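> Dumping the structure here so I can ask a few things about it.
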Amino acid sequence: MLTTKKFVSLLSKNKINFYCGVPDSCLKNFTNLITRQKQKNIISANEGSAVSTGIGYYLKTKKIPLIYMQNSGLGNAMDPLTSLTPKESYSIPMLLLIGWRGSPGLKKDEPQHTVMGRITLKILQLLDIKFIVIKSDKDLKKVLNLIKFSIKNKKPVACIVDRNTFSKTQPIQNKTIDNNLIFRPDAIECILRSIKKKSKIISTVGFTSRELHQIRKDKKIKSGKDFLMIGGMGHTATTSLGVALYEKEDVICLDGDGSFLMHMGGVATAATIIKKNFKYILFDNNSHESVGPTNQPTISNKLSFKKIAEGFGFKKTFIINSKKNFRSKLSKYIRKKGSVFILIKIKTGSLSNLERPSSMSDIKNHFMK
């Protein structure tokens with residue numbers, strides 16, 4: 001195990017005190033600590049944006065940034081890592097801290113992590129990014145040498161960490177939960193009971209898809225068919241677009257604020273093209289909840305989603321921000337014709353003993369029937 005305080009101390013001694021990235025549960029003890037220490041930490045909409053923010057920081061300060069992400073985020077980061085940071089272009093040094101989901105030999109993980117887990121190190125090799133896998137305090141000297149290499153050669157380098165690499169750190173105190181806000185599973189059940197029989201639902205990665213799967217199973221609700229986005233954060237709206245173009249029935253997209261912000265242009269594209277049968281429902285709890293709701297906030301509390309949705313071209317926009325009459329309002333709004341945007345302010349929290357879907361092929365085949 002790697003002592004988180006020793007790792008952060010090593011970074012500080014080498015003038016690495018600017019952090020930017022997308023939260024990952026593999027890195028939660030690290031992000032807990034830098035948040036508690038009030039280090040400069042920018043939570044980005046996506047990993048490519050984090051890398052480019054780090055580039056800007058280096059251009060102004062001549063100091064190395066640390067960019068953190070889950071390995072699935074390497075896809076988002078690929079463009080700036082291949083076009084802006086290499087020696088063939090601007091030669092920008094930075095330290096990448098990457099959570100290794102689906103690492104070979106890991107007994108329990110989710111199916112969406114399998115492929116990326118298997119090829120993570122190969123991708124870094126193709127990118128000509130020198131890397132080390134760190135597991136314990138014995139690897140701190142390797143980290144120091146890696147930082148020196150990045151400075152000397154003006155190139156990105158990477159530290160790869162497994163799920164339980166970092167030692168436990170004190171979590172940030174829970175923010176007060178507003179009990180007047182809606183519990184997401186209650187909203188999902190209301191949606192399932194309000195939709196037309198042949199509606200299609202595409203749901204975002206994380207708790208939303210798992211809750212949808214479990215509520216339908218436990219409550220034996222058969223209206224509609226679901227496609228669960230077990231990965232592909234930020235791509236829920238565009239998957240819905242591909243379905244809606246060739247679907248006469250309602251297509252309902254269940255998304256979260258983190259996913260919305262990650263690839264906002266996809267929502268705009270879907271709203272612009274789908275005019276008749278698109279219902280976009282945004283669950284907003286101002287957090288990346290599945291990786292740590294209290295200290296991994298999004299910027300949703302600083303935005304007007306209603307104005308954004310209207311600018312995107314949704315024909316009807318609605319906000320539900322309290323439990324009062326929310327079921328009747330939601331049932332009414334979801335039956336509106338045309339492209340509809342519904343923002344539901346929810347509190348953090350999920351169902352207890354939440355299951356994971358066991359067969360992705362069954363979900364796909366049922367949806368496609």
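Letters A, B, ... mark the chains of the structure tokens in the order given; residue numbers begin at 1 per chain; ligand numbers begin at 1, in order shown.
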Residues near Glu247 (chain A), anyone? I mean within 10 Å using only C-alpha atoms, not counting same-chain ones fewer than 4 positions away, as a PyMOL selection string.

chain A and resi 199-200+241-243+251+277

> With a distance cut-off of 8 Å and only C-alpha atoms, select the neighbouring residues of Leu140 (chain A), excluding the residue or stretch itself and same-chain residues fewer than 4 positions from it, and output the selection as a list of chain:residue names.

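Returned residues: A:Phe7, A:Leu10, A:Ile134, A:Ser136, A:Leu144.
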
> Since we have the selection now, will you write its residues out, keeping all heavy atoms, as a compact mmCIF listing (two decimals), in the first residue's frame?


# COMPACT_ATOMS: atom_id res chain seq x y z
N PHE A 7 2.99 10.39 -0.66
CA PHE A 7 2.93 10.65 -2.10
C PHE A 7 2.69 12.13 -2.38
O PHE A 7 3.39 12.75 -3.18
CB PHE A 7 1.82 9.80 -2.73
CG PHE A 7 1.66 9.99 -4.21
CD1 PHE A 7 2.59 9.47 -5.10
CD2 PHE A 7 0.58 10.70 -4.72
CE1 PHE A 7 2.44 9.65 -6.47
CE2 PHE A 7 0.42 10.89 -6.08
CZ PHE A 7 1.35 10.35 -6.96
N LEU A 10 5.71 14.21 -1.51
CA LEU A 10 6.74 14.12 -2.56
C LEU A 10 6.42 15.07 -3.71
O LEU A 10 7.31 15.76 -4.25
CB LEU A 10 6.84 12.69 -3.07
CG LEU A 10 7.77 12.44 -4.26
CD1 LEU A 10 9.22 12.72 -3.86
CD2 LEU A 10 7.63 11.01 -4.77
N ILE A 134 2.60 1.99 -9.52
CA ILE A 134 3.01 2.18 -8.13
C ILE A 134 2.08 1.41 -7.19
O ILE A 134 0.86 1.44 -7.36
CB ILE A 134 3.08 3.68 -7.75
CG1 ILE A 134 1.76 4.40 -8.07
CG2 ILE A 134 4.23 4.35 -8.46
CD1 ILE A 134 1.75 5.85 -7.62
N SER A 136 3.38 0.67 -3.53
CA SER A 136 3.74 0.85 -2.12
C SER A 136 4.72 2.00 -1.97
O SER A 136 5.16 2.60 -2.96
CB SER A 136 4.36 -0.44 -1.56
OG SER A 136 5.63 -0.67 -2.14
N LEU A 144 9.82 9.85 -8.00
CA LEU A 144 10.73 10.99 -8.06
C LEU A 144 11.54 10.97 -9.35
O LEU A 144 11.68 12.00 -10.03
CB LEU A 144 11.67 10.96 -6.85
CG LEU A 144 12.75 12.04 -6.81
CD1 LEU A 144 12.12 13.43 -6.81
CD2 LEU A 144 13.64 11.85 -5.57

> Go through A:Gly232, A:Gly224, A:Gly99, A:Gly117 and flag the residue nearest Val205 (chain A), using only C-alpha atoms for the distances.

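Among the listed residues, A:Gly232 lies closest to Val205 (chain A).
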
> Find, counting only C-alpha atoms, the residue in A:Lys345, A:Lys323, A:Lys225, A:Lys329 that gets nearest to Lys369 (chain A).

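Smallest distance to Lys369 (chain A) is found for A:Lys225.
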
> Excluding Lys217 (chain A) and any residue of its chain fewer than 4 positions from it, enumerate the residues within 12 Å of it, using only C-alpha atoms, and give them as a PyMOL selection string.

chain A and resi 189+192+210-213+221-223+226+354-357

> Convert the current residue selection to file output with N, CA, C and O atoms, as a compact mmCIF listing (two decimals), in the first residue's frame.


# COMPACT_ATOMS: atom_id res chain seq x y z
N GLU A 189 -38.96 5.21 -10.59
CA GLU A 189 -40.19 4.40 -10.54
C GLU A 189 -41.36 5.18 -11.12
O GLU A 189 -42.17 4.61 -11.88
N LEU A 192 -41.12 5.05 -14.90
CA LEU A 192 -41.51 3.74 -15.43
C LEU A 192 -43.03 3.57 -15.42
O LEU A 192 -43.60 2.91 -16.31
N ARG A 210 -28.24 1.15 -12.73
CA ARG A 210 -28.40 0.04 -11.78
C ARG A 210 -29.75 0.14 -11.06
O ARG A 210 -30.43 -0.86 -10.83
N GLU A 211 -30.15 1.36 -10.70
CA GLU A 211 -31.44 1.56 -10.05
C GLU A 211 -32.59 1.23 -11.00
O GLU A 211 -33.56 0.58 -10.61
N LEU A 212 -32.48 1.68 -12.24
CA LEU A 212 -33.50 1.38 -13.23
C LEU A 212 -33.67 -0.12 -13.38
O LEU A 212 -34.80 -0.65 -13.40
N HIS A 213 -32.56 -0.82 -13.48
CA HIS A 213 -32.57 -2.28 -13.64
C HIS A 213 -33.24 -2.95 -12.43
O HIS A 213 -34.09 -3.85 -12.59
N ILE A 221 -42.28 -4.02 -13.33
CA ILE A 221 -42.85 -3.04 -14.26
C ILE A 221 -42.38 -3.37 -15.67
O ILE A 221 -41.17 -3.44 -15.93
N LYS A 222 -43.31 -3.57 -16.58
CA LYS A 222 -42.94 -4.05 -17.92
C LYS A 222 -43.02 -2.99 -19.01
O LYS A 222 -42.57 -3.23 -20.13
N SER A 223 -43.59 -1.83 -18.73
CA SER A 223 -43.71 -0.80 -19.76
C SER A 223 -42.33 -0.30 -20.18
O SER A 223 -41.49 0.02 -19.34
N ASP A 226 -35.27 -1.00 -21.84
CA ASP A 226 -34.13 -0.23 -21.35
C ASP A 226 -32.83 -0.64 -22.03
O ASP A 226 -32.58 -1.83 -22.25
N LEU A 354 -27.70 -2.42 -3.75
CA LEU A 354 -27.97 -2.22 -5.18
C LEU A 354 -27.23 -3.27 -6.01
O LEU A 354 -26.03 -3.45 -5.88
N GLU A 355 -27.97 -3.95 -6.87
CA GLU A 355 -27.38 -5.00 -7.69
C GLU A 355 -26.73 -4.43 -8.94
O GLU A 355 -26.99 -3.30 -9.34
N ARG A 356 -25.91 -5.27 -9.58
CA ARG A 356 -25.36 -4.95 -10.89
C ARG A 356 -25.98 -5.91 -11.90
O ARG A 356 -26.11 -7.10 -11.62
N PRO A 357 -26.35 -5.42 -13.08
CA PRO A 357 -26.87 -6.33 -14.11
C PRO A 357 -25.86 -7.43 -14.40
O PRO A 357 -24.66 -7.18 -14.48

> Neighbours of Ile43 (chain A) within 7 Å (only C-alpha atoms; same-chain residues fewer than 3 positions away dropped), as number ranges by chain?

A: 20-22

> Would you output that residue set with N, CA, C and O atoms, as a PDB file, in the first residue's frame?


ATOM      1  N   CYS A  20      -5.669  18.654 -11.495  1.00  0.00           N
ATOM      2  CA  CYS A  20      -6.800  18.829 -12.400  1.00  0.00           C
ATOM      3  C   CYS A  20      -7.212  17.452 -12.922  1.00  0.00           C
ATOM      4  O   CYS A  20      -6.354  16.635 -13.252  1.00  0.00           O
ATOM      5  N   GLY A  21      -8.505  17.168 -12.970  1.00  0.00           N
ATOM      6  CA  GLY A  21      -8.896  15.867 -13.485  1.00  0.00           C
ATOM      7  C   GLY A  21     -10.364  15.556 -13.323  1.00  0.00           C
ATOM      8  O   GLY A  21     -11.182  16.419 -12.990  1.00  0.00           O
ATOM      9  N   VAL A  22     -10.685  14.292 -13.569  1.00  0.00           N
ATOM     10  CA  VAL A  22     -12.043  13.771 -13.427  1.00  0.00           C
ATOM     11  C   VAL A  22     -12.019  12.710 -12.330  1.00  0.00           C
ATOM     12  O   VAL A  22     -11.179  11.807 -12.361  1.00  0.00           O
TER      13      VAL A  22
END

> Have a look at A:Ser203, A:Ser25, A:Ser358, A:Ser89 and name the one nearest to Glu289 (chain A); count only C-alpha atoms.

A:Ser25

> Return the single residue from A:Phe227, A:Phe278, A:Phe367, A:Tyr333 that is closest to Asp250 (chain A), with distances computed using only C-alpha atoms.

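Among the listed residues, the smallest separation from Asp250 (chain A) belongs to A:Phe278.
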
> Determine, counting only C-alpha atoms, which protein, DNA and RNA residues have an atom within 8 Å of an atom of Asp284 (chain A); residues of the same chain fewer than 2 positions away are not included. Present the result as a list in words.

Gly256, Asp257, Leu282, Asn286, Ser287, Ser300, Leu343, Ile344, Lys345 and Ile346 of chain A

> In terms of the shortest atom-to-atom distance over only C-alpha atoms, which of A:Cys159, A:Ile177, A:Leu106, A:Ala271 is closest to Ile67 (chain A)?

A:Cys159

> If you run DSSP on this backbone, which residues of region 175-312 of chain A come out as strand (DSSP E), and could you give them as a count of residues only?

23

> Could you jot down the CA of Lys315 (chain A) to CA of Phe341 (chain A) separation for me, Å, one decimal place?

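CA of Phe341 (chain A) lies 8.0 Å from CA of Lys315 (chain A).
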
> Between A:Thr208, A:Lys276, A:Ile230, A:Lys220, which has the minimum distance to Leu351 (chain A) (counting only C-alpha atoms)?

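Going through A:Thr208, A:Lys276, A:Ile230, A:Lys220 one by one, the smallest distance to Leu351 (chain A) is for A:Thr208.
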
> What is the distance between CA of Ser150 (chain A) and CA of Ile55 (chain A), in Å to one decimal?

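Atom-to-atom, CA of Ser150 (chain A) to CA of Ile55 (chain A), that is 13.6 Å.
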
> Between CA of Lys138 (chain A) and CA of Glu110 (chain A), what distance in Å does the model show, to one decimal?

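Between CA of Lys138 (chain A) and CA of Glu110 (chain A) the gap is 29.5 Å.
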
> Give me the residues near Ala158 (chain A) as number ranges by chain, where near means some atom within 10 Å (using only C-alpha atoms) and where sequence neighbours in that chain fewer than 4 positions away do not count.

A: 66-68, 94-98, 124, 129-133, 143, 146-147, 150

> For all heavy atoms, I'd like the residues from the last selection saved as a compact mmCIF listing (two decimals), in the first residue's frame.


# COMPACT_ATOMS: atom_id res chain seq x y z
N LEU A 66 -0.37 18.01 -12.19
CA LEU A 66 -0.77 16.61 -12.08
C LEU A 66 -2.19 16.49 -12.61
O LEU A 66 -3.09 17.20 -12.16
CB LEU A 66 -0.70 16.11 -10.64
CG LEU A 66 -1.05 14.62 -10.47
CD1 LEU A 66 -0.18 13.96 -9.39
CD2 LEU A 66 -2.53 14.39 -10.14
N ILE A 67 -2.38 15.59 -13.56
CA ILE A 67 -3.68 15.36 -14.18
C ILE A 67 -4.15 13.97 -13.79
O ILE A 67 -3.49 12.97 -14.06
CB ILE A 67 -3.60 15.46 -15.72
CG1 ILE A 67 -2.87 16.74 -16.15
CG2 ILE A 67 -4.99 15.37 -16.32
CD1 ILE A 67 -3.51 18.02 -15.70
N TYR A 68 -5.29 13.87 -13.10
CA TYR A 68 -5.78 12.57 -12.64
C TYR A 68 -7.02 12.14 -13.42
O TYR A 68 -7.81 12.96 -13.86
CB TYR A 68 -6.05 12.58 -11.13
CG TYR A 68 -7.05 13.61 -10.66
CD1 TYR A 68 -8.41 13.33 -10.64
CD2 TYR A 68 -6.64 14.87 -10.21
CE1 TYR A 68 -9.33 14.27 -10.20
CE2 TYR A 68 -7.56 15.81 -9.77
CZ TYR A 68 -8.90 15.50 -9.77
OH TYR A 68 -9.81 16.43 -9.34
N MET A 94 4.09 16.89 -17.87
CA MET A 94 3.02 16.76 -16.87
C MET A 94 3.05 15.36 -16.30
O MET A 94 3.59 14.44 -16.91
CB MET A 94 1.65 17.07 -17.48
CG MET A 94 1.20 16.15 -18.59
SD MET A 94 -0.49 16.54 -19.18
CE MET A 94 -0.34 18.26 -19.65
N LEU A 95 2.48 15.23 -15.10
CA LEU A 95 2.38 13.93 -14.45
C LEU A 95 0.93 13.47 -14.50
O LEU A 95 0.05 14.14 -13.96
CB LEU A 95 2.86 14.01 -13.00
CG LEU A 95 2.74 12.73 -12.17
CD1 LEU A 95 3.57 11.59 -12.76
CD2 LEU A 95 3.17 12.99 -10.72
N LEU A 96 0.68 12.34 -15.16
CA LEU A 96 -0.66 11.75 -15.19
C LEU A 96 -0.79 10.74 -14.06
O LEU A 96 0.12 9.92 -13.86
CB LEU A 96 -0.91 11.05 -16.53
CG LEU A 96 -0.68 11.85 -17.82
CD1 LEU A 96 -0.90 10.96 -19.03
CD2 LEU A 96 -1.58 13.07 -17.87
N LEU A 97 -1.87 10.80 -13.32
CA LEU A 97 -2.17 9.82 -12.28
C LEU A 97 -3.43 9.09 -12.73
O LEU A 97 -4.51 9.68 -12.81
CB LEU A 97 -2.39 10.50 -10.93
CG LEU A 97 -2.70 9.58 -9.75
CD1 LEU A 97 -1.54 8.62 -9.48
CD2 LEU A 97 -3.01 10.39 -8.49
N ILE A 98 -3.28 7.79 -13.04
CA ILE A 98 -4.34 7.06 -13.71
C ILE A 98 -4.81 5.87 -12.87
O ILE A 98 -4.02 5.00 -12.50
CB ILE A 98 -3.86 6.55 -15.09
CG1 ILE A 98 -3.39 7.74 -15.96
CG2 ILE A 98 -4.97 5.77 -15.79
CD1 ILE A 98 -2.74 7.32 -17.26
N LEU A 124 -0.34 3.62 -23.34
CA LEU A 124 0.71 4.54 -22.90
C LEU A 124 2.01 4.30 -23.67
O LEU A 124 2.73 5.25 -24.00
CB LEU A 124 0.94 4.38 -21.39
CG LEU A 124 -0.23 4.84 -20.51
CD1 LEU A 124 0.00 4.44 -19.06
CD2 LEU A 124 -0.45 6.34 -20.62
N ILE A 129 4.56 7.53 -23.69
CA ILE A 129 4.51 8.12 -22.35
C ILE A 129 5.15 7.13 -21.37
O ILE A 129 4.65 6.02 -21.19
CB ILE A 129 3.06 8.42 -21.93
CG1 ILE A 129 2.48 9.53 -22.81
CG2 ILE A 129 2.98 8.83 -20.46
CD1 ILE A 129 1.02 9.86 -22.53
N LYS A 130 6.24 7.54 -20.78
CA LYS A 130 6.91 6.68 -19.80
C LYS A 130 6.02 6.55 -18.57
O LYS A 130 5.46 7.54 -18.09
CB LYS A 130 8.26 7.29 -19.42
CG LYS A 130 9.12 6.39 -18.53
CD LYS A 130 10.49 7.00 -18.30
CE LYS A 130 11.35 6.06 -17.45
NZ LYS A 130 12.73 6.58 -17.25
N PHE A 131 5.91 5.33 -18.04
CA PHE A 131 5.01 5.11 -16.91
C PHE A 131 5.60 4.13 -15.92
O PHE A 131 6.51 3.36 -16.23
CB PHE A 131 3.65 4.58 -17.41
CG PHE A 131 3.73 3.22 -18.05
CD1 PHE A 131 3.64 2.06 -17.28
CD2 PHE A 131 3.90 3.09 -19.42
CE1 PHE A 131 3.71 0.81 -17.86
CE2 PHE A 131 3.99 1.84 -20.01
CZ PHE A 131 3.89 0.70 -19.22
N ILE A 132 5.04 4.16 -14.71
CA ILE A 132 5.34 3.15 -13.70
C ILE A 132 4.03 2.76 -13.02
O ILE A 132 3.09 3.57 -12.95
CB ILE A 132 6.34 3.66 -12.63
CG1 ILE A 132 5.80 4.92 -11.93
CG2 ILE A 132 7.72 3.90 -13.23
CD1 ILE A 132 6.65 5.36 -10.74
N VAL A 133 3.95 1.53 -12.57
CA VAL A 133 2.83 1.07 -11.75
C VAL A 133 3.28 1.16 -10.31
O VAL A 133 4.26 0.54 -9.91
CB VAL A 133 2.43 -0.37 -12.10
CG1 VAL A 133 1.29 -0.84 -11.20
CG2 VAL A 133 2.05 -0.49 -13.57
N VAL A 143 8.82 7.29 -8.46
CA VAL A 143 7.99 8.45 -8.79
C VAL A 143 8.87 9.69 -8.93
O VAL A 143 8.72 10.48 -9.87
CB VAL A 143 6.92 8.69 -7.70
CG1 VAL A 143 6.14 9.98 -8.00
CG2 VAL A 143 5.96 7.50 -7.61
N LEU A 146 10.70 9.59 -12.11
CA LEU A 146 9.78 9.84 -13.23
C LEU A 146 9.53 11.35 -13.38
O LEU A 146 9.49 11.86 -14.51
CB LEU A 146 8.46 9.11 -12.96
CG LEU A 146 7.51 8.94 -14.14
CD1 LEU A 146 8.11 8.01 -15.18
CD2 LEU A 146 6.16 8.38 -13.66
N ILE A 147 9.36 12.04 -12.26
CA ILE A 147 9.17 13.49 -12.30
C ILE A 147 10.39 14.17 -12.91
O ILE A 147 10.27 15.07 -13.75
CB ILE A 147 8.88 14.03 -10.88
CG1 ILE A 147 7.53 13.52 -10.38
CG2 ILE A 147 8.91 15.56 -10.88
CD1 ILE A 147 7.28 13.79 -8.91
N SER A 150 10.38 13.77 -16.60
CA SER A 150 9.42 14.66 -17.26
C SER A 150 9.97 16.07 -17.39
O SER A 150 9.85 16.71 -18.44
CB SER A 150 8.11 14.67 -16.47
OG SER A 150 7.16 15.52 -17.08

> Which residues come within 9 Å of region 301-304 of chain A, counting only C-alpha atoms, excluding same-chain residues fewer than 3 positions away, as a PyMOL selection string?

chain A and resi 284-286+298+307-309
